[in-house]
Amino acid sequence: MQLGTGLFTAQRRPEDDREMSELYDEVLTLTREIEAAGLDSAWVSEHHFADDGYLSATMPTLGAMAAETDALEIGSCVALGPLYDPIRLAEDAATVDLLSDGRLTLGLAIGSNPQEFDVFGVPRDERAQRLADLVPFLRGAWSEGDLEYDSEFHDVPTDVSVTPKPVDETVPVMLGGAAKPAVRRAARTAEGWCAPSSLSIEGVRKRVEDIRNVREQEGLEGDFTIYVLQHGWVGDSREEAWETMREGYLYIQRRYAEIFSGEPVEELEAERKQELKDQAIFGTPEQVVEELNEYREALGDDIHFIFRTYHPGVGTEEMVECVHRLGEEVAPELR
């Protein structure tokens, strides 16, 4: 099992008086510490127009992370594919891949927030089709020679050559989503799929089984990575770990409720808070290892777990300590 962390969002909670530049300094500090702790990957997330400054520019941030590291896999989990101009995304992703010497994984999903689609001028009801169109466009753009892909949504000549090209003439694409069409789209067109944190272990297992069946039945070869995302924390005790992560974790979940619905959410209901607590993985290194081993037993050794320890406002020093405990006390027990 590989083990990474993130997801960097650079959000500023209302009680946080730091400048936004300090939050981005925090992202780069944590990126360096993730590599120093021996973890496998670091990830950013994307949303737009949030009053707390939720990270919107995935590619510039990943470029900065690439410059701070030597071996760490870096990636988006996830970038909102339908909102991008495909040529610009192909260029920017290839540039980050070159800056990182081939360490980029481009995670994409269809998006949800109505305001984002309205402001970008993209019909929300086209989001699944636009993502399905984007992946082969990127493949054509990254291949040697001309694009040779006629996009359904973008009027781009097929005889244009998009530059630069990435390190190995492609960037691994990972797709998110829990619905069957999204999972099967990933199986057929990408190099990876990310299980969202809302899924139970059994829910992930069923989808992984479906992915493996689709790829076997259709004769699809090549590497395919299963990424599993879950929020958590490593501390001295289960109680201490929860108290440390709780406010930042519940804050971001409240903001997600707003992002996904497009409506303000003043407070999460008590039942929802309990569901989120039950869903998260937190405690001593031994307790965290025990829970992660449940995923390994259900899914096999060949998975990449993204243990989400970036909770807005928790504190840089606290997150650095958690990252090192994850890398030095948890990861060795899973390899």
# chains A, B, ... in the order shown; residues from 1 in each chain; ligands from 1

$ residues_around --residues "A:Phe137" --least-positions-apart "5" --cutoff "9 Å" --atoms "only C-alpha atoms" --output "short mmCIF file (atom, residue, chain, number, x, y, z; two decimals) with C-alpha atoms, in the first residue's frame"
data_model
loop_
_atom_site.label_atom_id
_atom_site.label_comp_id
_atom_site.auth_asym_id
_atom_site.auth_seq_id
_atom_site.Cartn_x
_atom_site.Cartn_y
_atom_site.Cartn_z
CA PRO A 86 -8.47 21.83 -22.83
CA ILE A 87 -5.46 23.30 -24.63
CA ALA A 90 -2.81 20.18 -21.60
CA TRP A 142 0.34 15.09 -25.25
CA LEU A 147 -3.64 16.74 -31.99
CA GLU A 148 -5.74 14.54 -34.29
CA TYR A 149 -8.78 14.70 -32.01
CA ASP A 150 -12.04 16.36 -33.03
CA SER A 151 -13.58 17.66 -29.81
#

$ select_by_dssp --residues "stretch 75-230 of chain A" --states "helix (DSSP H, G or I)" --output "count of residues only"
70

$ closest_residue --among "A:Gln2, A:Pro285, A:Thr163, A:Ala132" --to "A:Leu334" --atoms "only C-alpha atoms"
A:Gln2

$ select_by_dssp --residues "stretch 3-224 of chain A" --states "strand (DSSP E)" --output "PyMOL selection string"
chain A and resi 3-8+41-44+73-76+79-80+104-109+173-176+192-195

$ residues_around --residues "A:Trp242" --least-positions-apart "3" --cutoff "12 Å" --atoms "only C-alpha atoms" --output "PyMOL selection string"
chain A and resi 231-239+245-250+274+276-284+309+311+314

$ residues_around --residues "A:Met174" --least-positions-apart "3" --cutoff "8 Å" --atoms "only C-alpha atoms" --output "count of residues only"
10

$ residues_around --residues "A:Tyr310" --least-positions-apart "6" --cutoff "7 Å" --atoms "only C-alpha atoms" --output "list in words"
Gly6, Leu7, Phe8 and Met319 of chain A

$ closest_residue --among "A:Glu68, A:Glu202, A:Glu19, A:Glu144" --to "A:Glu33" --atoms "only C-alpha atoms"
A:Glu68

$ closest_residue --among "A:Ile34, A:Ala71, A:Ala128, A:Leu89" --to "A:Thr58" --atoms "only C-alpha atoms"
A:Leu89

$ residues_around --residues "A:Glu169" --least-positions-apart "2" --cutoff "6 Å" --atoms "only C-alpha atoms" --output "list of chain:residue names"
A:Trp142, A:Ser143, A:Lys165, A:Pro166, A:Val167

$ write_last_selection --atoms "N, CA, C and O atoms" --output "PDB file, in the first residue's frame"
ATOM      1  N   TRP A 142      -0.952  15.505 -25.812  1.00  0.00           N
ATOM      2  CA  TRP A 142       0.338  15.087 -25.254  1.00  0.00           C
ATOM      3  C   TRP A 142       1.112  14.151 -26.170  1.00  0.00           C
ATOM      4  O   TRP A 142       2.314  13.936 -25.973  1.00  0.00           O
ATOM      5  N   SER A 143       0.460  13.582 -27.176  1.00  0.00           N
ATOM      6  CA  SER A 143       1.135  12.663 -28.090  1.00  0.00           C
ATOM      7  C   SER A 143       2.002  13.446 -29.066  1.00  0.00           C
ATOM      8  O   SER A 143       1.742  14.620 -29.359  1.00  0.00           O
ATOM      9  N   LYS A 165       5.367  18.830 -24.588  1.00  0.00           N
ATOM     10  CA  LYS A 165       4.940  17.456 -24.342  1.00  0.00           C
ATOM     11  C   LYS A 165       5.457  17.018 -22.978  1.00  0.00           C
ATOM     12  O   LYS A 165       6.552  17.407 -22.569  1.00  0.00           O
ATOM     13  N   PRO A 166       4.706  16.211 -22.240  1.00  0.00           N
ATOM     14  CA  PRO A 166       5.180  15.753 -20.924  1.00  0.00           C
ATOM     15  C   PRO A 166       6.334  14.773 -21.036  1.00  0.00           C
ATOM     16  O   PRO A 166       6.719  14.359 -22.138  1.00  0.00           O
ATOM     17  N   VAL A 167       6.863  14.402 -19.887  1.00  0.00           N
ATOM     18  CA  VAL A 167       8.101  13.604 -19.827  1.00  0.00           C
ATOM     19  C   VAL A 167       7.996  12.312 -20.630  1.00  0.00           C
ATOM     20  O   VAL A 167       8.855  11.995 -21.438  1.00  0.00           O
TER      21      VAL A 167
END

$ residues_around --residues "A:Ile259" --least-positions-apart "3" --cutoff "12 Å" --atoms "only C-alpha atoms" --output "compact mmCIF listing (two decimals) with all heavy atoms, in the first residue's frame"
# COMPACT_ATOMS: atom_id res chain seq x y z
N GLU A 46 -9.57 21.64 -5.66
CA GLU A 46 -9.94 22.84 -6.40
C GLU A 46 -11.40 23.21 -6.21
O GLU A 46 -12.29 22.36 -6.34
CB GLU A 46 -9.71 22.63 -7.91
CG GLU A 46 -10.21 23.78 -8.77
CD GLU A 46 -10.14 23.51 -10.27
OE1 GLU A 46 -9.54 22.50 -10.67
OE2 GLU A 46 -10.69 24.31 -11.03
N HIS A 47 -11.64 24.49 -5.88
CA HIS A 47 -12.97 25.10 -6.00
C HIS A 47 -12.77 26.59 -6.24
O HIS A 47 -11.67 27.11 -6.09
CB HIS A 47 -13.85 24.83 -4.78
CG HIS A 47 -14.46 23.46 -4.81
ND1 HIS A 47 -15.41 23.11 -5.74
CD2 HIS A 47 -14.23 22.36 -4.06
CE1 HIS A 47 -15.75 21.84 -5.56
NE2 HIS A 47 -15.05 21.35 -4.56
N HIS A 48 -13.85 27.27 -6.61
CA HIS A 48 -13.76 28.67 -7.03
C HIS A 48 -14.76 29.55 -6.30
O HIS A 48 -15.82 29.08 -5.86
CB HIS A 48 -14.02 28.77 -8.55
CG HIS A 48 -13.03 28.01 -9.37
ND1 HIS A 48 -11.89 28.59 -9.88
CD2 HIS A 48 -13.00 26.70 -9.74
CE1 HIS A 48 -11.20 27.67 -10.56
NE2 HIS A 48 -11.85 26.52 -10.48
N PHE A 49 -14.39 30.82 -6.18
CA PHE A 49 -15.28 31.89 -5.69
C PHE A 49 -15.68 31.71 -4.23
O PHE A 49 -16.71 32.24 -3.79
CB PHE A 49 -16.55 32.00 -6.58
CG PHE A 49 -16.25 31.87 -8.05
CD1 PHE A 49 -16.83 30.86 -8.80
CD2 PHE A 49 -15.36 32.73 -8.67
CE1 PHE A 49 -16.54 30.72 -10.15
CE2 PHE A 49 -15.06 32.60 -10.02
CZ PHE A 49 -15.65 31.59 -10.77
N ALA A 50 -14.87 31.00 -3.45
CA ALA A 50 -15.18 30.79 -2.04
C ALA A 50 -14.62 31.94 -1.21
O ALA A 50 -13.48 32.37 -1.41
CB ALA A 50 -14.58 29.47 -1.56
N ASP A 51 -15.41 32.43 -0.26
CA ASP A 51 -14.96 33.57 0.53
C ASP A 51 -13.84 33.22 1.50
O ASP A 51 -13.21 34.11 2.08
CB ASP A 51 -16.13 34.23 1.27
CG ASP A 51 -16.88 33.26 2.16
OD1 ASP A 51 -16.41 32.14 2.40
OD2 ASP A 51 -17.97 33.65 2.65
N TYR A 54 -10.66 29.12 -0.83
CA TYR A 54 -10.40 27.74 -1.26
C TYR A 54 -9.57 27.75 -2.53
O TYR A 54 -9.88 28.44 -3.49
CB TYR A 54 -11.73 27.03 -1.49
CG TYR A 54 -11.66 25.52 -1.56
CD1 TYR A 54 -12.32 24.73 -0.62
CD2 TYR A 54 -10.94 24.88 -2.56
CE1 TYR A 54 -12.27 23.34 -0.68
CE2 TYR A 54 -10.89 23.51 -2.63
CZ TYR A 54 -11.56 22.74 -1.69
OH TYR A 54 -11.49 21.37 -1.76
N GLY A 111 -17.30 17.88 -11.31
CA GLY A 111 -17.72 19.08 -10.59
C GLY A 111 -19.19 19.03 -10.24
O GLY A 111 -19.95 18.16 -10.70
N SER A 112 -19.61 20.02 -9.41
CA SER A 112 -20.98 19.99 -8.94
C SER A 112 -21.58 21.38 -8.73
O SER A 112 -22.72 21.63 -9.07
CB SER A 112 -21.07 19.20 -7.63
OG SER A 112 -22.36 19.26 -7.08
N ASN A 113 -20.81 22.31 -8.16
CA ASN A 113 -21.33 23.58 -7.69
C ASN A 113 -21.97 24.40 -8.82
O ASN A 113 -21.30 24.74 -9.80
CB ASN A 113 -20.22 24.38 -7.03
CG ASN A 113 -20.70 25.72 -6.52
OD1 ASN A 113 -20.39 26.75 -7.10
ND2 ASN A 113 -21.46 25.71 -5.45
N PRO A 114 -23.25 24.75 -8.70
CA PRO A 114 -23.92 25.50 -9.78
C PRO A 114 -23.25 26.84 -10.09
O PRO A 114 -23.16 27.22 -11.26
CB PRO A 114 -25.33 25.70 -9.22
CG PRO A 114 -25.53 24.59 -8.24
CD PRO A 114 -24.19 24.37 -7.62
N GLN A 115 -22.78 27.56 -9.06
CA GLN A 115 -22.18 28.87 -9.31
C GLN A 115 -20.94 28.76 -10.17
O GLN A 115 -20.71 29.58 -11.07
CB GLN A 115 -21.83 29.57 -7.99
CG GLN A 115 -21.27 30.97 -8.21
CD GLN A 115 -20.66 31.58 -6.97
OE1 GLN A 115 -20.27 30.87 -6.03
NE2 GLN A 115 -20.53 32.90 -6.94
N GLU A 116 -20.11 27.74 -9.91
CA GLU A 116 -18.89 27.58 -10.70
C GLU A 116 -19.22 27.41 -12.18
O GLU A 116 -18.59 28.03 -13.04
CB GLU A 116 -18.10 26.38 -10.16
CG GLU A 116 -17.51 26.63 -8.78
CD GLU A 116 -16.83 25.42 -8.18
OE1 GLU A 116 -17.32 24.29 -8.39
OE2 GLU A 116 -15.82 25.60 -7.49
N PHE A 117 -20.21 26.59 -12.48
CA PHE A 117 -20.57 26.37 -13.88
C PHE A 117 -21.17 27.63 -14.49
O PHE A 117 -20.88 27.98 -15.64
CB PHE A 117 -21.54 25.19 -13.98
CG PHE A 117 -20.85 23.86 -13.86
CD1 PHE A 117 -20.63 23.28 -12.63
CD2 PHE A 117 -20.38 23.20 -14.99
CE1 PHE A 117 -19.97 22.07 -12.51
CE2 PHE A 117 -19.72 21.98 -14.89
CZ PHE A 117 -19.51 21.42 -13.64
N ILE A 252 -14.55 22.15 6.99
CA ILE A 252 -14.47 21.89 5.55
C ILE A 252 -15.66 21.08 5.08
O ILE A 252 -16.15 21.27 3.95
CB ILE A 252 -13.13 21.20 5.19
CG1 ILE A 252 -12.86 21.36 3.69
CG2 ILE A 252 -13.11 19.73 5.57
CD1 ILE A 252 -11.48 20.91 3.26
N GLN A 253 -16.21 20.22 5.93
CA GLN A 253 -17.39 19.46 5.52
C GLN A 253 -18.62 20.36 5.41
O GLN A 253 -19.47 20.17 4.53
CB GLN A 253 -17.65 18.33 6.53
CG GLN A 253 -16.60 17.23 6.49
CD GLN A 253 -16.56 16.50 5.16
OE1 GLN A 253 -17.58 16.36 4.48
NE2 GLN A 253 -15.39 16.03 4.78
N ARG A 254 -18.72 21.37 6.27
CA ARG A 254 -19.80 22.34 6.14
C ARG A 254 -19.66 23.12 4.83
O ARG A 254 -20.64 23.34 4.11
CB ARG A 254 -19.82 23.28 7.33
CG ARG A 254 -20.94 24.33 7.24
CD ARG A 254 -20.98 25.22 8.46
NE ARG A 254 -19.82 26.09 8.56
CZ ARG A 254 -19.66 27.22 7.88
NH1 ARG A 254 -20.58 27.61 7.01
NH2 ARG A 254 -18.58 27.96 8.03
N ARG A 255 -18.44 23.52 4.52
CA ARG A 255 -18.22 24.25 3.28
C ARG A 255 -18.50 23.37 2.05
O ARG A 255 -19.03 23.84 1.04
CB ARG A 255 -16.79 24.80 3.21
CG ARG A 255 -16.44 25.82 4.27
CD ARG A 255 -17.47 26.94 4.43
NE ARG A 255 -17.83 27.61 3.20
CZ ARG A 255 -17.33 28.78 2.80
NH1 ARG A 255 -16.44 29.41 3.55
NH2 ARG A 255 -17.71 29.34 1.68
N TYR A 256 -18.17 22.07 2.15
CA TYR A 256 -18.51 21.17 1.05
C TYR A 256 -20.02 21.06 0.87
O TYR A 256 -20.53 20.99 -0.26
CB TYR A 256 -17.91 19.79 1.27
CG TYR A 256 -16.45 19.69 0.90
CD1 TYR A 256 -15.60 18.86 1.60
CD2 TYR A 256 -15.93 20.41 -0.15
CE1 TYR A 256 -14.25 18.76 1.28
CE2 TYR A 256 -14.59 20.33 -0.49
CZ TYR A 256 -13.76 19.50 0.23
OH TYR A 256 -12.43 19.41 -0.11
N GLY A 262 -24.88 24.50 -3.48
CA GLY A 262 -25.03 25.86 -3.94
C GLY A 262 -25.84 26.73 -3.00
O GLY A 262 -26.20 27.86 -3.34
N GLU A 263 -26.11 26.22 -1.79
CA GLU A 263 -26.89 26.93 -0.78
C GLU A 263 -26.07 27.11 0.49
O GLU A 263 -25.24 26.27 0.82
CB GLU A 263 -28.17 26.16 -0.45
CG GLU A 263 -29.08 25.91 -1.64
CD GLU A 263 -29.70 27.19 -2.18
OE1 GLU A 263 -29.83 28.16 -1.39
OE2 GLU A 263 -30.07 27.22 -3.37
N PRO A 264 -26.29 28.22 1.24
CA PRO A 264 -25.56 28.40 2.50
C PRO A 264 -25.95 27.35 3.54
O PRO A 264 -27.10 26.95 3.63
CB PRO A 264 -25.98 29.81 2.95
CG PRO A 264 -27.26 30.08 2.24
CD PRO A 264 -27.20 29.34 0.95
N VAL A 265 -24.96 26.93 4.32
CA VAL A 265 -25.17 25.97 5.41
C VAL A 265 -24.56 26.58 6.67
O VAL A 265 -23.33 26.66 6.79
CB VAL A 265 -24.53 24.60 5.10
CG1 VAL A 265 -24.71 23.65 6.27
CG2 VAL A 265 -25.14 24.00 3.83

$ atom_distance --atom1 "atom CA of A:Gly121" --atom2 "atom CA of A:Ser261"
18.3 Å

$ atom_distance --atom1 "atom CA of A:Asp223" --atom2 "atom CA of A:Asp168"
14.2 Å

$ closest_residue --among "A:Glu286, A:Tyr251, A:Ser76, A:Val208" --to "A:Arg13" --atoms "only C-alpha atoms"
A:Tyr251

$ decode --residues "stretch 68-93 of chain A" --atoms "N, CA, C and O atoms" --output "CSV table (one decimal), in the first residue's frame"
chain,number,residue,atom,x,y,z
A,68,GLU,N,9.7,22.2,-4.8
A,68,GLU,CA,10.1,22.0,-3.4
A,68,GLU,C,10.4,20.6,-3.1
A,68,GLU,O,10.8,20.3,-2.0
A,69,THR,N,10.3,19.7,-4.1
A,69,THR,CA,10.5,18.2,-3.8
A,69,THR,C,11.3,17.6,-4.9
A,69,THR,O,11.5,18.2,-6.0
A,70,ASP,N,11.7,16.4,-4.7
A,70,ASP,CA,12.6,15.6,-5.6
A,70,ASP,C,12.0,14.3,-6.1
A,70,ASP,O,12.2,13.9,-7.2
A,71,ALA,N,11.2,13.7,-5.2
A,71,ALA,CA,10.7,12.3,-5.6
A,71,ALA,C,9.2,12.1,-5.4
A,71,ALA,O,8.6,11.1,-5.7
A,72,LEU,N,8.5,13.1,-4.7
A,72,LEU,CA,7.2,12.9,-4.3
A,72,LEU,C,6.2,13.0,-5.5
A,72,LEU,O,6.3,13.9,-6.3
A,73,GLU,N,5.3,12.1,-5.5
A,73,GLU,CA,4.2,12.2,-6.5
A,73,GLU,C,3.3,13.3,-6.1
A,73,GLU,O,3.0,13.5,-4.9
A,74,ILE,N,3.0,14.2,-7.0
A,74,ILE,CA,2.1,15.3,-6.8
A,74,ILE,C,0.9,15.3,-7.7
A,74,ILE,O,1.0,14.8,-8.8
A,75,GLY,N,-0.3,15.7,-7.2
A,75,GLY,CA,-1.4,15.6,-8.1
A,75,GLY,C,-2.6,16.4,-7.6
A,75,GLY,O,-2.6,17.0,-6.5
A,76,SER,N,-3.6,16.5,-8.5
A,76,SER,CA,-4.9,17.1,-8.2
A,76,SER,C,-5.9,16.0,-7.8
A,76,SER,O,-6.0,15.1,-8.5
A,77,CYS,N,-6.6,16.3,-6.7
A,77,CYS,CA,-7.6,15.4,-6.2
A,77,CYS,C,-8.8,16.2,-5.7
A,77,CYS,O,-9.0,16.3,-4.5
A,78,VAL,N,-9.5,16.8,-6.6
A,78,VAL,CA,-9.4,16.7,-8.1
A,78,VAL,C,-9.5,18.0,-8.7
A,78,VAL,O,-10.0,19.0,-8.1
A,79,ALA,N,-9.1,18.2,-10.0
A,79,ALA,CA,-9.3,19.3,-10.8
A,79,ALA,C,-10.7,19.2,-11.5
A,79,ALA,O,-11.1,18.1,-11.8
A,80,LEU,N,-11.4,20.3,-11.6
A,80,LEU,CA,-12.8,20.3,-12.2
A,80,LEU,C,-12.7,20.3,-13.7
A,80,LEU,O,-12.8,21.4,-14.3
A,81,GLY,N,-12.6,19.2,-14.3
A,81,GLY,CA,-12.3,19.0,-15.7
A,81,GLY,C,-13.2,19.9,-16.7
A,81,GLY,O,-12.7,20.5,-17.6
A,82,PRO,N,-14.5,19.9,-16.5
A,82,PRO,CA,-15.3,20.6,-17.5
A,82,PRO,C,-15.1,22.1,-17.5
A,82,PRO,O,-15.5,22.8,-18.5
A,83,LEU,N,-14.5,22.7,-16.5
A,83,LEU,CA,-14.3,24.1,-16.4
A,83,LEU,C,-13.1,24.6,-17.1
A,83,LEU,O,-12.9,25.8,-17.2
A,84,TYR,N,-12.3,23.7,-17.6
A,84,TYR,CA,-11.0,24.0,-18.2
A,84,TYR,C,-11.1,24.2,-19.7
A,84,TYR,O,-11.7,23.4,-20.4
A,85,ASP,N,-10.3,25.1,-20.2
A,85,ASP,CA,-10.0,25.1,-21.6
A,85,ASP,C,-9.0,24.0,-21.9
A,85,ASP,O,-7.9,23.9,-21.2
A,86,PRO,N,-9.3,23.1,-22.8
A,86,PRO,CA,-8.5,21.8,-22.8
A,86,PRO,C,-7.0,22.1,-23.3
A,86,PRO,O,-6.1,21.4,-22.8
A,87,ILE,N,-6.8,23.0,-24.2
A,87,ILE,CA,-5.5,23.3,-24.6
A,87,ILE,C,-4.6,23.8,-23.5
A,87,ILE,O,-3.5,23.4,-23.2
A,88,ARG,N,-5.2,24.8,-22.7
A,88,ARG,CA,-4.5,25.4,-21.6
A,88,ARG,C,-4.2,24.3,-20.5
A,88,ARG,O,-3.1,24.3,-19.9
A,89,LEU,N,-5.2,23.4,-20.3
A,89,LEU,CA,-4.9,22.4,-19.3
A,89,LEU,C,-3.8,21.4,-19.8
A,89,LEU,O,-2.9,21.0,-19.0
A,90,ALA,N,-3.8,21.1,-21.1
A,90,ALA,CA,-2.8,20.2,-21.6
A,90,ALA,C,-1.4,20.8,-21.5
A,90,ALA,O,-0.5,20.2,-21.1
A,91,GLU,N,-1.3,22.1,-21.8
A,91,GLU,CA,-0.1,22.8,-21.7
A,91,GLU,C,0.4,22.9,-20.3
A,91,GLU,O,1.6,22.7,-20.0
A,92,ASP,N,-0.5,23.3,-19.4
A,92,ASP,CA,-0.1,23.5,-18.0
A,92,ASP,C,0.3,22.2,-17.3
A,92,ASP,O,1.3,22.2,-16.5
A,93,ALA,N,-0.5,21.2,-17.5
A,93,ALA,CA,-0.2,19.9,-16.9
A,93,ALA,C,1.2,19.3,-17.4
A,93,ALA,O,2.0,18.8,-16.7
